[in-house]
Amino acid sequence: MKEISILEIENIKIGNAENQEAKTGVTAILCETCAPCGVDIRGGGPASRETPLLSPLAASTGVHAVLLCGGSAFGLDAAGGAMRYLEEKGIGFDTGITKVPLVCASSIFDLGLGDKNVRPDFNMGYRACVNAEAGNYQNGSFGAGCGATVGKFLGPEFALKSGIGSFAVQLGTLKVGAIACVNALGDIYQGGKIVAGLLSEDKKGFRSTCDEMLKSIQRVDNPFVGNTTIGVVVTNGKFSKSEMNKIAQMAHNGLVRCISPVNTSADGDSIYAMSVGDVNADVNVTGTIAAEVVEQAIINAVMSAAPGSGLPCAKDICA
C-alpha cells in the first residue's frame with residue numbers, strides 16, 4: 001500500500017473557497033458522473049443538507065457533490081451555489097423537465113472565531129466549485145477548515161486552531177482517500193500522545209479533555225460548544241449506495257481512534273463516503289482502509305493548520 005495525493009483519485013474534483021478575515025469557508029468535492037454515496041452521523045448536533053438521499057431506501061442512486069462548510073447551519077446555503085454551477089454544466093438527475101444536481105452538505109460551527117455575520121453562501125459555494133476545476137485544494141486553514149478549532153471544553157481561551165486535512169493510499173488498483181475538517185470538542189491523539197487539543201494552563205502544552213471532564217459530573221454550560229468533525233471518504237472501488245453506507249460506518253472508526261472524547265452531544269460528527277470508480281474490491285477491505293485514511297487525514301488537518309484569531313496551532317505547541 002502506497003501513499004498518494006487525494007487528487008490522484010479519478011472522477012473527482014476538489015476545491016476550497018474561504019474568507020480568511022471572517023474565518024470561514026467551503027470545500028467542494030465534485031463527482032459529475034454521480035457517485036453512490038453513504039453517510040454515518042454519530043455526533044449529537046449535526047448541521048446537514050440532503051442526507052436522507054443517502055438512505056438505501058431513497059430512490060436516488062448517488063450524488064453529484066458533497067460540500068463541507070463553515071458557518072453552522074447558515075453555511076448550508078453554499079449548496080445552492082454548487083447546484084447552480086452543476087446545472088450550468090448540464091449535470092444532475094434528469095427529471096424529464098430539467099436536470100437537478102444532487103448536493104449533500106455538512107457544516108461546522110465556526111461563528112465564534114471570526115465574523116459571526118459572514119457565512120458561506122451561494123457565491124462561496126459556487127466559487128469552491130470553480131476552484132475545484134483548477135484543483136486548488138490544499139491542507140490547512142483553508143476552505144471549510146478556515147475557522148476550525150479543537151480542544152474547546154474550557155472555552156476559547158484554551159482552544160487550538162485546526163483546519164482541514166487529507167490523506168490517500170493505493171493498494172493495487174484500489175484507491176481510497178479522505179478529507180476531514182476537524183472542529184472537535186476533544187483532543188487529537190497520535191500514537192497515544194495528544195498532538196492537538198486542550199491547552200495547559202500555561203499554554204505551553206496540552207492537557208486531557210477527558211481528565212477535565214471527569215472532575216465533575218455536573219452539567220457544564222460550555223461557552224464554546226459548537227463542534228464537529230466532518231469528512232468525506234472517496235474511493236475508486238465500485239460499490240452500491242448500501243455498501244457505501246457500510247464503508248462510511250467503518251470509516252467513522254478513524255475518528256474514534258484519534259479523537260477523545262468524540263461523538264458527544266456537542267459534536268455533529270459526520271462522515272460521507274463516495275464511490276467514484278469501477279474497480280472491483282471487497283467492501284470490508286475498503287472500509288478498513290477508509291478508517292485508516294480518515295485517521296491520518298484528521299492528524300494532517302491539525303498538523304497543517306496555521307494560527308489565527310489569537311489561537312496558536314499544533315506546530316507552535318509541538319515545536
# chains A, B, ... in the order shown; residues from 1 in each chain; ligands from 1
call {"tool": "residues_around", "arguments": {"residues": "Ala297 (chain A)", "least_positions_apart": "6", "cutoff": "7 Å", "atoms": "only C-alpha atoms", "output": "number ranges by chain"}}
result
A: 165-167, 178-180
call {"tool": "write_last_selection", "arguments": {"atoms": "C-alpha atoms", "output": "short mmCIF file (atom, residue, chain, number, x, y, z; two decimals), in the first residue's frame"}}
result
data_model
loop_
_atom_site.label_atom_id
_atom_site.label_comp_id
_atom_site.auth_asym_id
_atom_site.auth_seq_id
_atom_site.Cartn_x
_atom_site.Cartn_y
_atom_site.Cartn_z
CA GLY A 165 -6.62 17.68 6.01
CA SER A 166 -6.44 14.84 3.54
CA PHE A 167 -4.73 11.50 3.10
CA ALA A 178 -10.29 11.04 2.88
CA ILE A 179 -10.75 14.73 3.59
CA ALA A 180 -11.50 15.76 7.18
#
call {"tool": "closest_atom_pairs", "arguments": {"of": "region 193-262 of chain A", "to": "region 10-14 of chain A", "cutoff": "9 Å", "atoms": "only C-alpha atoms", "output": "Markdown table"}}
result
| residue | atom | partner | partner_atom | distance |
| --- | --- | --- | --- | --- |
| A:Val234 | CA | A:Ile12 | CA | 8.5 |
| A:Thr235 | CA | A:Glu10 | CA | 8.9 |
| A:Asn236 | CA | A:Glu10 | CA | 7.0 |
call {"tool": "select_by_dssp", "arguments": {"residues": "region 51-257 of chain A", "states": "strand (DSSP E)", "output": "NGL selection string"}}
result
:A and (63-69 or 93-94 or 99-100 or 103-107 or 149-150 or 160-161 or 164-171 or 174-183 or 187-190 or 193-196 or 228-237)
call {"tool": "write_last_selection", "arguments": {"atoms": "C-alpha atoms", "output": "compact mmCIF listing (two decimals), in the first residue's frame"}}
result
# COMPACT_ATOMS: atom_id res chain seq x y z
CA VAL A 63 -24.95 12.42 -5.61
CA HIS A 64 -23.03 14.90 -7.74
CA ALA A 65 -21.28 16.78 -4.93
CA VAL A 66 -20.62 16.88 -1.21
CA LEU A 67 -19.81 20.21 0.41
CA LEU A 68 -18.01 20.68 3.72
CA CYS A 69 -18.84 24.13 5.06
CA PHE A 93 -30.64 13.95 -12.10
CA ASP A 94 -32.72 14.03 -15.26
CA LYS A 99 -31.57 18.19 -14.57
CA VAL A 100 -31.44 18.59 -10.82
CA VAL A 103 -25.75 18.02 -3.49
CA CYS A 104 -25.20 16.99 0.13
CA ALA A 105 -23.59 19.31 2.65
CA SER A 106 -22.48 19.38 6.28
CA SER A 107 -21.27 22.33 8.32
CA THR A 149 -10.64 24.78 16.22
CA VAL A 150 -10.14 21.90 18.68
CA LEU A 160 -6.24 25.45 19.47
CA LYS A 161 -6.50 26.41 15.82
CA ILE A 164 -8.79 20.62 7.02
CA GLY A 165 -6.62 17.68 6.01
CA SER A 166 -6.44 14.84 3.54
CA PHE A 167 -4.73 11.50 3.10
CA ALA A 168 -4.99 8.81 0.43
CA VAL A 169 -3.45 5.42 -0.39
CA GLN A 170 -3.39 2.94 -3.25
CA LEU A 171 -3.47 -0.84 -2.90
CA LEU A 174 -7.82 0.34 -5.46
CA LYS A 175 -7.54 3.94 -4.28
CA VAL A 176 -9.04 5.24 -1.05
CA GLY A 177 -8.73 8.78 0.30
CA ALA A 178 -10.29 11.04 2.88
CA ILE A 179 -10.75 14.73 3.59
CA ALA A 180 -11.50 15.76 7.18
CA CYS A 181 -12.43 19.15 8.61
CA VAL A 182 -11.56 18.93 12.30
CA ASN A 183 -13.53 21.14 14.67
CA ASP A 187 -8.23 16.26 21.71
CA ILE A 188 -6.40 14.70 18.76
CA TYR A 189 -4.13 11.75 19.51
CA GLN A 190 -1.32 10.16 17.52
CA LYS A 193 0.02 11.16 22.61
CA ILE A 194 -2.00 14.37 22.35
CA VAL A 195 -0.81 16.33 19.31
CA ALA A 196 -3.60 18.94 19.32
CA THR A 228 -17.97 18.89 14.67
CA THR A 229 -15.57 16.76 12.67
CA ILE A 230 -16.91 16.29 9.16
CA GLY A 231 -15.32 14.45 6.28
CA VAL A 232 -15.60 12.62 3.01
CA VAL A 233 -14.09 9.27 2.03
CA VAL A 234 -13.57 8.79 -1.71
CA THR A 235 -12.74 5.50 -3.42
CA ASN A 236 -12.44 4.29 -6.99
CA GLY A 237 -13.91 1.00 -5.81
call {"tool": "atom_distance", "arguments": {"atom1": "CA of Arg119 (chain A)", "atom2": "CA of Phe153 (chain A)"}}
result
23.8 Å
call {"tool": "closest_residue", "arguments": {"among": "A:Phe142, A:Tyr272, A:Tyr85, A:Phe74", "to": "Ala290 (chain A)", "atoms": "only C-alpha atoms"}}
result
A:Tyr272
call {"tool": "select_by_dssp", "arguments": {"residues": "region 44-262 of chain A", "states": "alpha helix (DSSP H)", "output": "number ranges by chain"}}
result
A: 78-88, 122-134, 209-213, 241-251, 253-258
call {"tool": "closest_residue", "arguments": {"among": "A:Gly145, A:Gly192, A:Gly151, A:Gly186", "to": "Gly70 (chain A)", "atoms": "only C-alpha atoms"}}
result
A:Gly145
call {"tool": "closest_residue", "arguments": {"among": "A:Gly308, A:Gly143, A:Gly80, A:Gly205", "to": "Ala28 (chain A)", "atoms": "only C-alpha atoms"}}
result
A:Gly143
call {"tool": "closest_atom_pairs", "arguments": {"of": "region 180-242 of chain A", "to": "region 29-45 of chain A", "cutoff": "9 Å", "atoms": "only C-alpha atoms", "output": "Markdown table"}}
result
| residue | atom | partner | partner_atom | distance |
| --- | --- | --- | --- | --- |
| A:Gly226 | CA | A:Gly45 | CA | 8.4 |
| A:Asn227 | CA | A:Gly45 | CA | 8.2 |
| A:Thr228 | CA | A:Gly43 | CA | 7.4 |
| A:Thr229 | CA | A:Gly43 | CA | 8.7 |
| A:Val232 | CA | A:Ile29 | CA | 8.3 |
| A:Lys238 | CA | A:Pro36 | CA | 8.8 |
| A:Phe239 | CA | A:Pro36 | CA | 7.1 |
| A:Ser240 | CA | A:Pro36 | CA | 5.9 |
| A:Lys241 | CA | A:Pro36 | CA | 4.7 |
| A:Ser242 | CA | A:Gly38 | CA | 7.0 |
call {"tool": "residues_around", "arguments": {"residues": "Arg257 (chain A)", "least_positions_apart": "2", "cutoff": "10 Å", "atoms": "only C-alpha atoms", "output": "list of chain:residue names"}}
result
A:Ile188, A:Tyr189, A:Gln190, A:Gly191, A:Gly192, A:His252, A:Asn253, A:Gly254, A:Leu255, A:Ile259, A:Ser260, A:Val262, A:Ala291, A:Glu292, A:Val294, A:Glu295
call {"tool": "write_last_selection", "arguments": {"atoms": "N, CA, C and O atoms", "output": "PDB file, in the first residue's frame"}}
result
ATOM      1  N   ILE A 188      -6.841  15.545  19.856  1.00  0.00           N
ATOM      2  CA  ILE A 188      -6.397  14.696  18.761  1.00  0.00           C
ATOM      3  C   ILE A 188      -5.161  13.938  19.212  1.00  0.00           C
ATOM      4  O   ILE A 188      -4.181  14.538  19.687  1.00  0.00           O
ATOM      5  N   TYR A 189      -5.217  12.614  19.060  1.00  0.00           N
ATOM      6  CA  TYR A 189      -4.127  11.745  19.507  1.00  0.00           C
ATOM      7  C   TYR A 189      -3.412  11.110  18.322  1.00  0.00           C
ATOM      8  O   TYR A 189      -4.032  10.762  17.318  1.00  0.00           O
ATOM      9  N   GLN A 190      -2.120  10.930  18.481  1.00  0.00           N
ATOM     10  CA  GLN A 190      -1.318  10.160  17.521  1.00  0.00           C
ATOM     11  C   GLN A 190      -0.345   9.309  18.328  1.00  0.00           C
ATOM     12  O   GLN A 190       0.448   9.834  19.116  1.00  0.00           O
ATOM     13  N   GLY A 191      -0.435   7.991  18.151  1.00  0.00           N
ATOM     14  CA  GLY A 191       0.438   7.101  18.904  1.00  0.00           C
ATOM     15  C   GLY A 191       0.251   7.211  20.406  1.00  0.00           C
ATOM     16  O   GLY A 191       1.215   7.076  21.177  1.00  0.00           O
ATOM     17  N   GLY A 192      -0.983   7.478  20.854  1.00  0.00           N
ATOM     18  CA  GLY A 192      -1.273   7.588  22.278  1.00  0.00           C
ATOM     19  C   GLY A 192      -0.906   8.915  22.904  1.00  0.00           C
ATOM     20  O   GLY A 192      -1.089   9.106  24.111  1.00  0.00           O
ATOM     21  N   HIS A 252     -15.843   5.807  10.066  1.00  0.00           N
ATOM     22  CA  HIS A 252     -16.015   6.617  11.271  1.00  0.00           C
ATOM     23  C   HIS A 252     -15.146   6.108  12.417  1.00  0.00           C
ATOM     24  O   HIS A 252     -14.854   6.844  13.371  1.00  0.00           O
ATOM     25  N   ASN A 253     -14.699   4.852  12.328  1.00  0.00           N
ATOM     26  CA  ASN A 253     -13.795   4.333  13.351  1.00  0.00           C
ATOM     27  C   ASN A 253     -12.483   5.108  13.394  1.00  0.00           C
ATOM     28  O   ASN A 253     -11.794   5.115  14.416  1.00  0.00           O
ATOM     29  N   GLY A 254     -12.142   5.762  12.285  1.00  0.00           N
ATOM     30  CA  GLY A 254     -10.946   6.608  12.267  1.00  0.00           C
ATOM     31  C   GLY A 254     -11.045   7.759  13.253  1.00  0.00           C
ATOM     32  O   GLY A 254     -10.051   8.159  13.871  1.00  0.00           O
ATOM     33  N   LEU A 255     -12.259   8.316  13.406  1.00  0.00           N
ATOM     34  CA  LEU A 255     -12.466   9.368  14.402  1.00  0.00           C
ATOM     35  C   LEU A 255     -12.272   8.826  15.806  1.00  0.00           C
ATOM     36  O   LEU A 255     -11.630   9.454  16.653  1.00  0.00           O
ATOM     37  N   ILE A 259      -9.621  10.847  18.184  1.00  0.00           N
ATOM     38  CA  ILE A 259     -10.263  11.981  18.842  1.00  0.00           C
ATOM     39  C   ILE A 259     -10.891  11.496  20.135  1.00  0.00           C
ATOM     40  O   ILE A 259     -11.606  10.498  20.159  1.00  0.00           O
ATOM     41  N   SER A 260     -10.623  12.212  21.228  1.00  0.00           N
ATOM     42  CA  SER A 260     -11.214  11.842  22.519  1.00  0.00           C
ATOM     43  C   SER A 260     -11.442  13.100  23.353  1.00  0.00           C
ATOM     44  O   SER A 260     -10.517  13.899  23.519  1.00  0.00           O
ATOM     45  N   VAL A 262     -15.256  11.906  21.685  1.00  0.00           N
ATOM     46  CA  VAL A 262     -15.759  12.048  20.322  1.00  0.00           C
ATOM     47  C   VAL A 262     -17.227  11.647  20.305  1.00  0.00           C
ATOM     48  O   VAL A 262     -17.713  10.957  21.210  1.00  0.00           O
ATOM     49  N   ALA A 291     -11.023   3.728   7.337  1.00  0.00           N
ATOM     50  CA  ALA A 291     -10.804   4.169   8.713  1.00  0.00           C
ATOM     51  C   ALA A 291      -9.378   4.681   8.899  1.00  0.00           C
ATOM     52  O   ALA A 291      -9.145   5.677   9.605  1.00  0.00           O
ATOM     53  N   GLU A 292      -8.428   4.024   8.256  1.00  0.00           N
ATOM     54  CA  GLU A 292      -7.027   4.431   8.383  1.00  0.00           C
ATOM     55  C   GLU A 292      -6.779   5.788   7.721  1.00  0.00           C
ATOM     56  O   GLU A 292      -6.073   6.636   8.280  1.00  0.00           O
ATOM     57  N   VAL A 294      -8.994   8.153   7.143  1.00  0.00           N
ATOM     58  CA  VAL A 294      -9.690   9.186   7.914  1.00  0.00           C
ATOM     59  C   VAL A 294      -8.844   9.601   9.119  1.00  0.00           C
ATOM     60  O   VAL A 294      -8.680  10.794   9.408  1.00  0.00           O
ATOM     61  N   GLU A 295      -8.299   8.616   9.817  1.00  0.00           N
ATOM     62  CA  GLU A 295      -7.455   8.912  10.980  1.00  0.00           C
ATOM     63  C   GLU A 295      -6.278   9.798  10.589  1.00  0.00           C
ATOM     64  O   GLU A 295      -5.986  10.809  11.241  1.00  0.00           O
TER      65      GLU A 295
END
call {"tool": "closest_residue", "arguments": {"among": "A:Met274, A:Ala58, A:Cys146, A:Met124", "to": "Gln20 (chain A)", "atoms": "only C-alpha atoms"}}
result
A:Cys146
call {"tool": "atom_distance", "arguments": {"atom1": "CA of Ile4 (chain A)", "atom2": "CA of Thr61 (chain A)"}}
result
28.2 Å
call {"tool": "atom_distance", "arguments": {"atom1": "CA of Ala128 (chain A)", "atom2": "CA of Thr27 (chain A)"}}
result
6.2 Å
call {"tool": "closest_residue", "arguments": {"among": "A:Lys152, A:Asn19, A:Lys2, A:Pro52", "to": "Ile289 (chain A)", "atoms": "only C-alpha atoms"}}
result
A:Lys2
call {"tool": "closest_residue", "arguments": {"among": "A:Val276, A:Val285, A:Met1, A:Cys129", "to": "Glu88 (chain A)", "atoms": "only C-alpha atoms"}}
result
A:Cys129
